[in-house]
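The file protein22.txt contains compact mmCIF, C-alpha atoms and all ligand atoms:
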# COMPACT_ATOMS: atom_id res chain seq x y z
CA MET A 1 119.68 89.73 119.87
CA LEU A 2 116.22 90.34 121.30
CA LEU A 3 113.48 90.57 118.67
CA LEU A 4 109.98 92.05 118.78
CA LYS A 5 108.42 88.65 119.39
CA ASP A 6 110.49 88.24 122.57
CA LEU A 7 108.77 91.08 124.42
CA ASP A 8 105.23 91.65 125.63
CA PHE A 9 104.43 95.19 124.61
CA LYS A 10 100.85 95.45 125.88
CA GLY A 11 100.39 98.73 127.71
CA LYS A 12 104.16 99.36 127.71
CA ARG A 13 105.75 102.65 126.68
CA VAL A 14 108.09 101.84 123.82
CA PHE A 15 110.80 104.15 122.50
CA LEU A 16 111.11 103.34 118.80
CA ARG A 17 114.29 104.71 117.15
CA VAL A 18 113.70 105.03 113.41
CA ASP A 19 115.45 106.61 110.43
CA PHE A 20 113.01 109.22 109.11
CA ASN A 21 115.86 111.21 107.57
CA VAL A 22 113.85 111.81 104.39
CA PRO A 23 114.83 114.19 101.57
CA LEU A 24 112.90 117.48 101.68
CA ASP A 25 112.33 119.93 98.80
CA GLU A 26 112.73 123.76 98.98
CA LYS A 27 109.21 124.07 100.39
CA GLY A 28 109.99 121.58 103.11
CA GLU A 29 107.78 118.88 101.55
CA ILE A 30 108.89 115.24 101.62
CA ARG A 31 110.34 114.24 98.24
CA ASP A 32 110.52 110.52 98.95
CA ASP A 33 108.82 108.74 101.86
CA THR A 34 110.48 105.31 101.39
CA ARG A 35 112.15 105.55 104.80
CA ILE A 36 108.85 106.26 106.54
CA ARG A 37 107.11 103.39 104.74
CA ALA A 38 109.95 101.05 105.65
CA VAL A 39 109.12 101.27 109.36
CA ILE A 40 105.36 100.65 108.99
CA PRO A 41 105.58 96.86 109.60
CA THR A 42 107.32 97.38 112.95
CA LEU A 43 104.94 100.18 113.85
CA ASN A 44 101.88 98.12 112.94
CA TYR A 45 103.18 95.23 115.02
CA LEU A 46 103.58 97.49 118.06
CA LEU A 47 100.10 98.94 117.47
CA ASP A 48 98.63 95.42 117.25
CA GLN A 49 100.33 94.64 120.54
CA LYS A 50 98.68 97.68 122.14
CA ALA A 51 101.91 99.47 122.98
CA LYS A 52 102.19 103.19 123.78
CA ILE A 53 104.59 104.33 121.11
CA ILE A 54 107.20 107.09 121.29
CA ILE A 55 109.04 107.53 117.99
CA ALA A 56 112.36 109.35 117.58
CA SER A 57 114.47 110.16 114.53
CA HIS A 58 117.09 112.54 113.23
CA LEU A 59 116.53 114.67 110.12
CA GLY A 60 119.25 116.50 108.20
CA ARG A 61 122.11 118.25 109.96
CA PRO A 62 120.81 120.82 112.43
CA LYS A 63 124.21 120.64 114.21
CA GLY A 64 122.85 120.64 117.73
CA LYS A 65 120.55 123.68 117.36
CA PHE A 66 116.79 124.02 116.99
CA ASN A 67 115.99 124.70 113.33
CA PRO A 68 112.33 125.00 112.28
CA LYS A 69 113.28 123.94 108.72
CA LEU A 70 114.38 120.57 110.09
CA SER A 71 111.35 120.00 112.31
CA LEU A 72 109.71 116.58 112.01
CA LYS A 73 106.36 118.28 111.37
CA PRO A 74 106.05 117.13 107.71
CA VAL A 75 107.08 113.65 108.79
CA ALA A 76 104.37 113.57 111.46
CA ARG A 77 101.79 114.51 108.82
CA ARG A 78 102.96 111.88 106.34
CA LEU A 79 103.18 109.20 109.03
CA ALA A 80 99.62 109.94 110.18
CA GLU A 81 98.42 109.42 106.60
CA LEU A 82 100.30 106.15 106.28
CA ILE A 83 98.98 104.62 109.50
CA SER A 84 95.55 106.31 109.24
CA GLN A 85 95.66 107.62 112.76
CA LYS A 86 96.69 110.66 114.71
CA VAL A 87 100.38 111.25 115.38
CA ILE A 88 101.11 113.64 118.23
CA LEU A 89 104.17 115.79 117.48
CA ALA A 90 106.08 116.71 120.64
CA PRO A 91 107.24 120.34 120.89
CA ALA A 92 110.77 119.22 121.73
CA VAL A 93 112.98 116.15 122.17
CA ILE A 94 113.22 116.14 125.97
CA GLY A 95 111.83 118.18 128.87
CA ASP A 96 108.87 118.34 131.24
CA GLU A 97 106.32 118.99 128.54
CA VAL A 98 107.54 115.97 126.56
CA ASP A 99 107.58 113.80 129.69
CA ASN A 100 103.95 114.76 130.36
CA LEU A 101 102.98 113.80 126.82
CA LYS A 102 104.72 110.45 127.34
CA LYS A 103 102.85 109.89 130.62
CA GLU A 104 99.49 110.72 129.10
CA LEU A 105 99.93 108.29 126.17
CA ARG A 106 97.25 105.63 125.97
CA GLU A 107 97.51 102.22 124.33
CA ASN A 108 97.86 102.47 120.53
CA GLN A 109 98.72 106.16 120.60
CA VAL A 110 101.74 107.47 118.74
CA LEU A 111 103.94 110.34 119.90
CA LEU A 112 106.71 111.62 117.62
CA LEU A 113 109.58 113.47 119.31
CA GLU A 114 111.28 116.40 117.61
CA ASN A 115 114.55 116.00 115.68
CA LEU A 116 117.09 114.22 117.91
CA ARG A 117 119.95 116.19 116.38
CA PHE A 118 118.61 119.48 117.75
CA HIS A 119 120.88 118.43 120.64
CA THR A 120 124.65 117.90 120.33
CA GLU A 121 124.27 115.43 123.21
CA GLU A 122 122.65 113.03 120.74
CA THR A 123 125.75 112.56 118.59
CA ASN A 124 127.98 112.71 121.69
CA ASN A 125 126.22 109.65 123.14
CA ASP A 126 125.63 111.72 126.26
CA SER A 127 124.31 109.60 129.11
CA CYS A 128 122.40 112.43 130.79
CA PHE A 129 120.54 113.18 127.54
CA ALA A 130 119.94 109.45 127.07
CA GLN A 131 118.34 109.28 130.52
CA HIS A 132 115.99 112.10 129.54
CA LEU A 133 115.10 110.24 126.33
CA ALA A 134 114.37 107.17 128.45
CA ASN A 135 112.14 109.03 130.94
CA GLU A 136 108.82 107.16 131.34
CA VAL A 137 109.99 104.53 128.81
CA ASP A 138 109.73 100.76 129.44
CA TYR A 139 111.19 99.19 126.30
CA TYR A 140 113.48 100.34 123.51
CA VAL A 141 113.20 99.17 119.90
CA ASN A 142 115.79 100.03 117.25
CA ASP A 143 114.57 99.96 113.66
CA ALA A 144 117.08 102.46 112.29
CA PHE A 145 119.75 100.28 110.70
CA GLY A 146 121.36 103.27 108.96
CA VAL A 147 122.57 104.66 112.31
CA CYS A 148 123.55 101.40 114.01
CA HIS A 149 127.23 102.11 113.31
CA ARG A 150 126.98 105.34 115.29
CA ALA A 151 127.42 105.40 119.05
CA HIS A 152 124.73 108.04 119.54
CA ALA A 153 122.56 108.61 122.63
CA SER A 154 119.36 107.28 121.01
CA VAL A 155 121.22 104.27 119.59
CA VAL A 156 123.59 103.18 122.36
CA ALA A 157 123.45 105.10 125.68
CA ILE A 158 119.64 104.96 125.97
CA THR A 159 119.70 101.17 126.28
CA GLU A 160 121.29 101.55 129.74
CA TYR A 161 118.15 103.26 131.04
CA VAL A 162 115.34 101.01 129.77
CA LYS A 163 114.18 97.58 130.94
CA LYS A 164 114.70 95.74 127.62
CA SER A 165 115.99 96.56 124.14
CA ALA A 166 115.06 94.79 120.91
CA ALA A 167 115.56 94.99 117.15
CA GLY A 168 112.68 95.96 114.86
CA PHE A 169 111.89 94.11 111.64
CA LEU A 170 114.16 96.27 109.46
CA VAL A 171 117.21 95.84 111.66
CA LYS A 172 116.50 92.12 112.00
CA LYS A 173 116.39 91.66 108.21
CA GLU A 174 119.60 93.62 107.65
CA ILE A 175 121.49 91.63 110.25
CA GLU A 176 120.15 88.31 108.93
CA TYR A 177 121.29 89.01 105.37
CA LEU A 178 124.56 90.73 106.14
CA SER A 179 125.46 87.92 108.54
CA ARG A 180 125.12 85.49 105.67
CA ALA A 181 127.89 87.40 103.88
CA ILE A 182 130.29 86.85 106.80
CA HIS A 183 129.25 83.70 108.65
CA SER A 184 129.72 80.49 106.62
CA PRO A 185 128.67 81.91 103.24
CA GLU A 186 127.92 79.42 100.50
CA ILE A 187 130.88 79.17 98.13
CA PRO A 188 132.11 80.22 95.65
CA TYR A 189 131.89 83.65 97.22
CA ALA A 190 132.55 86.68 95.02
CA ALA A 191 133.02 90.15 96.50
CA ILE A 192 132.79 93.08 94.09
CA LEU A 193 134.42 96.29 95.31
CA GLY A 194 134.61 99.64 93.61
CA GLY A 195 134.02 103.30 94.26
CA VAL A 196 136.46 106.09 94.79
CA LYS A 197 138.73 105.43 97.69
CA VAL A 198 140.67 102.41 98.84
CA SER A 199 141.08 104.16 102.19
CA ASP A 200 137.29 104.04 102.82
CA LYS A 201 137.20 100.33 102.20
CA ILE A 202 140.37 98.95 103.77
CA PRO A 203 138.75 97.18 106.75
CA VAL A 204 136.06 95.78 104.42
CA ILE A 205 138.63 94.36 102.00
CA GLU A 206 140.74 93.01 104.88
CA ASN A 207 137.82 91.09 106.34
CA LEU A 208 136.57 89.89 102.95
CA LEU A 209 140.04 88.41 102.35
CA ASN A 210 139.12 85.96 105.14
CA LYS A 211 135.78 85.09 103.57
CA ALA A 212 135.67 85.45 99.79
CA ASP A 213 137.10 83.23 97.04
CA ASP A 214 137.22 85.99 94.44
CA ILE A 215 137.54 89.73 94.93
CA LEU A 216 136.70 91.77 91.84
CA ILE A 217 138.01 95.32 91.99
CA GLY A 218 136.72 98.17 89.84
CA GLY A 219 136.11 101.90 90.14
CA ALA A 220 138.77 104.50 90.85
CA MET A 221 140.23 102.43 93.69
CA ALA A 222 141.69 99.98 91.15
CA TYR A 223 144.19 102.65 90.03
CA THR A 224 145.79 102.96 93.44
CA PHE A 225 146.48 99.20 93.18
CA PHE A 226 147.92 99.66 89.66
CA ALA A 227 149.99 102.73 90.52
CA ALA A 228 151.40 100.91 93.56
CA GLN A 229 152.71 98.20 91.23
CA GLY A 230 154.38 100.77 88.99
CA PHE A 231 151.89 100.91 86.12
CA GLU A 232 151.29 104.26 84.45
CA VAL A 233 147.67 105.15 85.05
CA GLY A 234 147.53 108.58 83.33
CA CYS A 235 145.56 111.03 85.45
CA SER A 236 143.28 108.40 86.98
CA LEU A 237 142.50 108.99 90.67
CA VAL A 238 145.27 107.56 92.83
CA GLU A 239 145.65 107.82 96.59
CA GLU A 240 149.41 108.28 96.71
CA ASP A 241 149.60 107.70 100.46
CA LYS A 242 147.68 104.42 100.21
CA LYS A 243 149.97 102.67 97.74
CA ASP A 244 151.82 100.70 100.46
CA LEU A 245 148.52 99.59 101.81
CA ALA A 246 147.38 98.46 98.39
CA LEU A 247 150.56 96.38 98.05
CA ASN A 248 149.88 94.86 101.49
CA LEU A 249 146.36 93.91 100.46
CA LEU A 250 147.71 92.28 97.29
CA SER A 251 150.19 90.22 99.28
CA HIS A 252 147.56 89.26 101.89
CA ALA A 253 145.38 88.05 99.04
CA ARG A 254 148.24 85.86 97.75
CA GLU A 255 148.93 84.46 101.24
CA LYS A 256 145.26 83.67 101.75
CA LYS A 257 144.90 82.24 98.26
CA VAL A 258 142.12 84.65 97.41
CA ASN A 259 141.89 85.64 93.74
CA LEU A 260 142.06 89.42 93.69
CA TYR A 261 141.26 90.71 90.20
CA LEU A 262 141.97 94.15 88.77
CA PRO A 263 140.49 95.43 85.49
CA SER A 264 142.21 94.21 82.30
CA ASP A 265 140.84 97.05 80.18
CA HIS A 266 139.56 100.53 80.87
CA ILE A 267 137.30 103.24 79.51
CA ALA A 268 139.28 106.46 79.75
CA ALA A 269 138.60 110.11 78.92
CA PRO A 270 140.27 113.50 79.41
CA ALA A 271 137.68 114.61 81.97
CA VAL A 272 134.73 113.49 84.08
CA ALA A 273 132.17 115.06 81.77
CA PRO A 274 129.32 113.80 79.55
CA GLU A 275 130.86 115.49 76.49
CA ALA A 276 134.36 114.06 77.05
CA GLU A 277 135.46 111.62 74.37
CA ALA A 278 135.80 108.08 75.75
CA GLU A 279 138.43 105.58 74.61
CA THR A 280 138.90 101.92 75.38
CA ILE A 281 142.42 101.18 76.63
CA ASP A 282 143.48 97.55 76.86
CA ALA A 283 147.10 97.83 77.91
CA PHE A 284 149.22 100.07 80.08
CA PRO A 285 150.29 102.81 79.95
CA ILE A 286 147.09 104.81 80.11
CA PRO A 287 148.00 108.01 78.18
CA SER A 288 149.09 110.77 80.56
CA ASP A 289 146.19 113.09 79.66
CA LEU A 290 143.47 110.48 80.21
CA MET A 291 141.77 109.17 83.33
CA ALA A 292 140.14 105.75 83.66
CA LEU A 293 136.45 106.21 84.39
CA ASP A 294 134.96 102.74 83.86
CA ILE A 295 135.97 99.11 83.45
CA GLY A 296 136.23 97.91 79.83
CA PRO A 297 134.28 95.16 78.01
CA ASN A 298 136.88 92.40 78.59
CA THR A 299 136.82 93.08 82.32
CA VAL A 300 133.01 93.00 82.27
CA ARG A 301 133.09 89.58 80.53
CA LYS A 302 135.62 88.13 82.95
CA TYR A 303 133.91 89.49 86.08
CA SER A 304 130.45 88.42 84.84
CA LYS A 305 131.67 84.85 84.40
CA ILE A 306 132.88 84.72 88.00
CA ILE A 307 129.65 86.34 89.20
CA THR A 308 127.53 83.82 87.29
CA SER A 309 129.11 80.84 89.02
CA ALA A 310 129.12 82.41 92.50
CA LYS A 311 126.77 81.26 95.26
CA THR A 312 127.27 84.32 97.46
CA ILE A 313 127.86 87.86 96.19
CA PHE A 314 128.60 91.00 98.17
CA TRP A 315 128.83 94.21 96.16
CA ASN A 316 129.94 97.62 97.31
CA GLY A 317 131.12 100.45 95.09
CA PRO A 318 130.31 101.24 91.44
CA MET A 319 132.70 100.05 88.71
CA GLY A 320 132.89 103.52 87.14
CA VAL A 321 131.34 106.97 87.05
CA PHE A 322 127.89 105.44 86.54
CA GLU A 323 126.20 108.84 86.98
CA ILE A 324 127.37 109.69 83.41
CA ASP A 325 125.83 107.31 80.86
CA LYS A 326 129.02 107.05 78.83
CA PHE A 327 130.90 105.68 81.84
CA SER A 328 128.04 103.62 83.29
CA HIS A 329 128.20 100.48 81.10
CA GLY A 330 130.60 98.56 83.36
CA THR A 331 128.45 99.17 86.44
CA MET A 332 125.18 98.48 84.58
CA ASP A 333 126.49 95.21 83.09
CA ILE A 334 127.84 94.04 86.44
CA ALA A 335 124.46 94.87 88.00
CA GLU A 336 122.79 92.70 85.31
CA ALA A 337 125.18 89.85 86.01
CA VAL A 338 124.55 90.04 89.75
CA ALA A 339 120.79 90.17 89.19
CA ASN A 340 120.85 87.18 86.85
CA SER A 341 122.98 84.96 89.08
CA ASP A 342 121.21 82.58 91.42
CA ALA A 343 123.55 83.46 94.24
CA LEU A 344 122.50 85.10 97.46
CA SER A 345 123.26 88.68 96.41
CA ILE A 346 123.76 91.58 98.80
CA VAL A 347 124.37 95.17 97.73
CA GLY A 348 125.44 97.84 100.24
CA GLY A 349 126.56 101.46 99.92
CA GLY A 350 124.61 104.57 98.96
CA ASP A 351 125.92 104.92 95.41
CA SER A 352 125.95 101.17 94.74
CA VAL A 353 122.29 100.95 95.68
CA ALA A 354 121.53 103.93 93.41
CA ALA A 355 123.36 102.10 90.59
CA VAL A 356 121.26 98.96 91.09
CA TYR A 357 118.08 101.05 90.82
CA LYS A 358 119.46 102.84 87.75
CA ALA A 359 120.07 99.43 86.15
CA GLY A 360 116.45 98.53 86.92
CA VAL A 361 117.38 95.22 88.55
CA SER A 362 116.60 95.94 92.21
CA GLU A 363 113.86 93.27 92.29
CA LYS A 364 116.37 90.58 91.43
CA ILE A 365 118.85 91.33 94.23
CA SER A 366 118.40 89.21 97.38
CA HIS A 367 119.09 92.09 99.74
CA ILE A 368 119.63 95.80 99.19
CA SER A 369 120.95 97.30 102.37
CA THR A 370 119.34 100.52 103.57
CA GLY A 371 122.42 101.53 105.53
CA GLY A 372 125.43 102.61 103.47
CA GLY A 373 128.03 103.15 106.19
CA ALA A 374 126.38 100.69 108.56
CA SER A 375 126.43 97.79 106.11
CA LEU A 376 130.11 98.35 105.28
CA GLU A 377 131.05 98.59 108.92
CA PHE A 378 129.15 95.40 109.67
CA ILE A 379 130.98 93.54 106.89
CA ALA A 380 134.29 94.89 108.23
CA ASN A 381 133.76 94.39 111.98
CA GLU A 382 131.00 91.76 112.06
CA THR A 383 129.11 93.83 114.60
CA LEU A 384 127.99 97.42 115.19
CA PRO A 385 127.72 99.54 118.36
CA GLY A 386 123.93 99.78 117.97
CA ILE A 387 123.64 96.00 117.52
CA GLU A 388 125.95 95.08 120.41
CA VAL A 389 123.56 96.75 122.87
CA LEU A 390 120.62 94.67 121.61
CA MET A 391 122.36 91.46 122.61
CA GLU A 392 120.88 89.80 125.67
CA LYS A 393 123.00 90.53 128.70
P1 LIG B 1 129.16 103.60 97.79
O1 LIG B 1 128.39 104.87 98.09
O2 LIG B 1 128.30 102.58 97.11
O3 LIG B 1 129.89 103.06 98.98
P2 LIG B 1 131.43 105.07 96.82
O4 LIG B 1 130.89 106.30 97.46
O5 LIG B 1 132.65 104.45 97.37
O6 LIG B 1 130.28 103.97 96.69
O7 LIG B 1 131.77 105.39 95.30
C1 LIG B 1 130.85 105.90 94.39
C2 LIG B 1 131.45 106.93 93.48
O8 LIG B 1 132.60 106.42 92.83
C3 LIG B 1 130.52 107.31 92.37
O9 LIG B 1 130.12 108.64 92.56
C4 LIG B 1 131.33 107.13 91.09
O10 LIG B 1 131.16 108.18 90.17
C5 LIG B 1 132.74 107.11 91.63
N1 LIG B 1 133.67 106.39 90.74
C6 LIG B 1 133.62 105.10 90.38
N2 LIG B 1 134.62 104.80 89.53
C7 LIG B 1 135.32 105.93 89.34
C8 LIG B 1 136.49 106.26 88.57
N3 LIG B 1 137.11 105.35 87.81
N4 LIG B 1 136.93 107.54 88.63
C9 LIG B 1 136.30 108.44 89.39
N5 LIG B 1 135.23 108.20 90.14
C10 LIG B 1 134.73 106.95 90.13
MG MG B 2 129.06 106.90 98.32

Let's see the structure in the file written out as structure tokens.
Amino acid sequence: MLLLKDLDFKGKRVFLRVDFNVPLDEKGEIRDDTRIRAVIPTLNYLLDQKAKIIIASHLGRPKGKFNPKLSLKPVARRLAELISQKVILAPAVIGDEVDNLKKELRENQVLLLENLRFHTEETNNDSCFAQHLANEVDYYVNDAFGVCHRAHASVVAITEYVKKSAAGFLVKKEIEYLSRAIHSPEIPYAAILGGVKVSDKIPVIENLLNKADDILIGGAMAYTFFAAQGFEVGCSLVEEDKKDLALNLLSHAREKKVNLYLPSDHIAAPAVAPEAEAETIDAFPIPSDLMALDIGPNTVRKYSKIITSAKTIFWNGPMGVFEIDKFSHGTMDIAEAVANSDALSIVGGGDSVAAVYKAGVSEKISHISTGGGASLEFIANETLPGIEVLMEK
């Protein structure tokens, strides 16, 4: 994979794909600028190198149509503040006017294109649109890890029409850490998997069966595994059509001599609600009017012990409905255990990352992935469409 240091950017026009998909409030103001700040190191590097910088991002879901509410205008303002220099906002994504602005760029100037997703061609990976994006461009830099699993025009097709393509600092860091979870990880290797659906995570579990020593399952997905084995799980969430698959995964784990653990006790309640009365259940059946919403204290103890002796940890998916305090203890305690271990610890997935912040232990995790879907797909497939195209040809 080409990196920033491999290219000479002086005087070159660089197309920098970033993820400025920031949350906006009702007034259209930026609620959280973390994603903009995250790209500053790459941007400063390119400025130091005297590049002419063209930045592009998506924002929200304009569904292929111009929408003034999803203009990158507030982003341009915030970015200008952060880099203490002018940011020129293009009136569109492509077109003659935009091409002229690109041509007129001088060294160290920054041009921000409008929202890429004003065009359906972006998400369709359209090569004609990609050529327009690449007009006047010398080099392409991808620093938008969160979209690297998408074959979109500004992620994949564009690389056909530029001289060289490289990874920015954010993408480099993500790939470095996530690679350590799949290429010769230090053992023992514990993978913690939770969340709602087994179906979302099948390829991830399949690949981790080739890598991990211990797989600790929590969250709603555990109950599809239980139901598949004939246990009565009350009204816990079960994916009926994924039971066979769950049985397959269990038998693969046995064949591969991977320890796949399911919860030994459960916190159950009649409804997913803060006022619902919670009960600890430590044997099946789970009463028919209750649903399991968190792992119980025995499970926490057992999982924490495995986590403590691990040297590599990958975690995706909360252990319970952590958004409701009553059902958050399992997830919070597991987060503590991961934070206190001296393993290389990697957390991926939107809700899992939120849980780590809620537990207040983010500083003690080796790597928190910024790309939910992208990190899972990388763990499952060991590569991503947007990363493939950065490999030297
Ligand atoms: P991530 O975004 O980290 O990949 P998921 O989206 O797969 O994670 O799962 C997160 C969601 O799973 C959370 O909203 C949480 O409330 C829910 N969840 C976890 N355990 C349960 C459970 N036992 N029953 C219902 N929902 C659950
Ligand atoms: Mg999620």

Please extract the residues at most 8 Å from ligand LIG 1 (chain B), counting only C-alpha atoms and all ligand atoms, and provide them as an mmCIF file with C-alpha atoms, in the coordinates of the input, using the chain letters and residue numbers of this document.
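selection.cif, written as the output of this step:
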data_model
loop_
_atom_site.group_PDB
_atom_site.id
_atom_site.type_symbol
_atom_site.label_atom_id
_atom_site.label_comp_id
_atom_site.auth_asym_id
_atom_site.auth_seq_id
_atom_site.Cartn_x
_atom_site.Cartn_y
_atom_site.Cartn_z
ATOM 1 C CA GLY A 194 134.610 99.640 93.610
ATOM 2 C CA GLY A 195 134.020 103.300 94.260
ATOM 3 C CA VAL A 196 136.460 106.090 94.790
ATOM 4 C CA LYS A 197 138.730 105.430 97.690
ATOM 5 C CA ASP A 200 137.290 104.040 102.820
ATOM 6 C CA LYS A 201 137.200 100.330 102.200
ATOM 7 C CA GLY A 218 136.720 98.170 89.840
ATOM 8 C CA GLY A 219 136.110 101.900 90.140
ATOM 9 C CA ALA A 220 138.770 104.500 90.850
ATOM 10 C CA MET A 221 140.230 102.430 93.690
ATOM 11 C CA ALA A 222 141.690 99.980 91.150
ATOM 12 C CA TYR A 223 144.190 102.650 90.030
ATOM 13 C CA SER A 236 143.280 108.400 86.980
ATOM 14 C CA LEU A 237 142.500 108.990 90.670
ATOM 15 C CA VAL A 272 134.730 113.490 84.080
ATOM 16 C CA MET A 291 141.770 109.170 83.330
ATOM 17 C CA ALA A 292 140.140 105.750 83.660
ATOM 18 C CA LEU A 293 136.450 106.210 84.390
ATOM 19 C CA ASP A 294 134.960 102.740 83.860
ATOM 20 C CA ILE A 295 135.970 99.110 83.450
ATOM 21 C CA ASN A 316 129.940 97.620 97.310
ATOM 22 C CA GLY A 317 131.120 100.450 95.090
ATOM 23 C CA PRO A 318 130.310 101.240 91.440
ATOM 24 C CA MET A 319 132.700 100.050 88.710
ATOM 25 C CA GLY A 320 132.890 103.520 87.140
ATOM 26 C CA VAL A 321 131.340 106.970 87.050
ATOM 27 C CA PHE A 322 127.890 105.440 86.540
ATOM 28 C CA GLU A 323 126.200 108.840 86.980
ATOM 29 C CA ILE A 324 127.370 109.690 83.410
ATOM 30 C CA GLY A 348 125.440 97.840 100.240
ATOM 31 C CA GLY A 349 126.560 101.460 99.920
ATOM 32 C CA GLY A 350 124.610 104.570 98.960
ATOM 33 C CA ASP A 351 125.920 104.920 95.410
ATOM 34 C CA SER A 352 125.950 101.170 94.740
ATOM 35 C CA VAL A 353 122.290 100.950 95.680
ATOM 36 C CA ALA A 354 121.530 103.930 93.410
ATOM 37 C CA GLY A 372 125.430 102.610 103.470
ATOM 38 C CA GLY A 373 128.030 103.150 106.190
ATOM 39 C CA LEU A 376 130.110 98.350 105.280
#

Within 10 Å of A:Val356 using all atoms listed in the file, minus same-chain residues under 2 positions, as a tab-separated table (two decimals) with C-alpha atoms, in the frame of the given file:
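The file below, selection_6.tsv, is the result:
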chain	number	residue	atom	x	y	z
A	318	PRO	CA	130.31	101.24	91.44
A	331	THR	CA	128.45	99.17	86.44
A	332	MET	CA	125.18	98.48	84.58
A	334	ILE	CA	127.84	94.04	86.44
A	335	ALA	CA	124.46	94.87	88.00
A	336	GLU	CA	122.79	92.70	85.31
A	338	VAL	CA	124.55	90.04	89.75
A	339	ALA	CA	120.79	90.17	89.19
A	347	VAL	CA	124.37	95.17	97.73
A	351	ASP	CA	125.92	104.92	95.41
A	352	SER	CA	125.95	101.17	94.74
A	353	VAL	CA	122.29	100.95	95.68
A	354	ALA	CA	121.53	103.93	93.41
A	358	LYS	CA	119.46	102.84	87.75
A	359	ALA	CA	120.07	99.43	86.15
A	360	GLY	CA	116.45	98.53	86.92
A	361	VAL	CA	117.38	95.22	88.55
A	362	SER	CA	116.60	95.94	92.21
A	363	GLU	CA	113.86	93.27	92.29
A	364	LYS	CA	116.37	90.58	91.43
A	365	ILE	CA	118.85	91.33	94.23
A	368	ILE	CA	119.63	95.80	99.19

> Pick the closest to A:Arg106 from A:Leu24, A:Val14, A:Val233, A:Val162: which is it, counting all atoms listed in the file?
Replying inline: A:Val14

> Of the residues A:Arg35, A:Glu107, A:Tyr139, A:Lys63, which is the one nearest to A:Phe15, using only C-alpha atoms?
Replying inline: A:Tyr139

>> I'd like the contact shell of A:Pro385 - 7 Å cut-off, only C-alpha atoms, skipping same-chain residues fewer than 3 positions apart - returned as a PyMOL selection string.
In response: chain A and resi 148-151+156+388-389

Written selection (C-alpha atoms) as a PDB file, keeping the file's coordinate frame:
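Once written, part_36.pdb looks like this:
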ATOM      1  CA  CYS A 148     123.550 101.400 114.010  1.00  0.00           C
ATOM      2  CA  HIS A 149     127.230 102.110 113.310  1.00  0.00           C
ATOM      3  CA  ARG A 150     126.980 105.340 115.290  1.00  0.00           C
ATOM      4  CA  ALA A 151     127.420 105.400 119.050  1.00  0.00           C
ATOM      5  CA  VAL A 156     123.590 103.180 122.360  1.00  0.00           C
ATOM      6  CA  GLU A 388     125.950  95.080 120.410  1.00  0.00           C
ATOM      7  CA  VAL A 389     123.560  96.750 122.870  1.00  0.00           C
TER       8      VAL A 389
END

>> Nearest residue to A:Leu250 out of A:Ala269, A:Leu16, A:Phe226, A:Val238, using all atoms listed in the file?
In response: A:Phe226
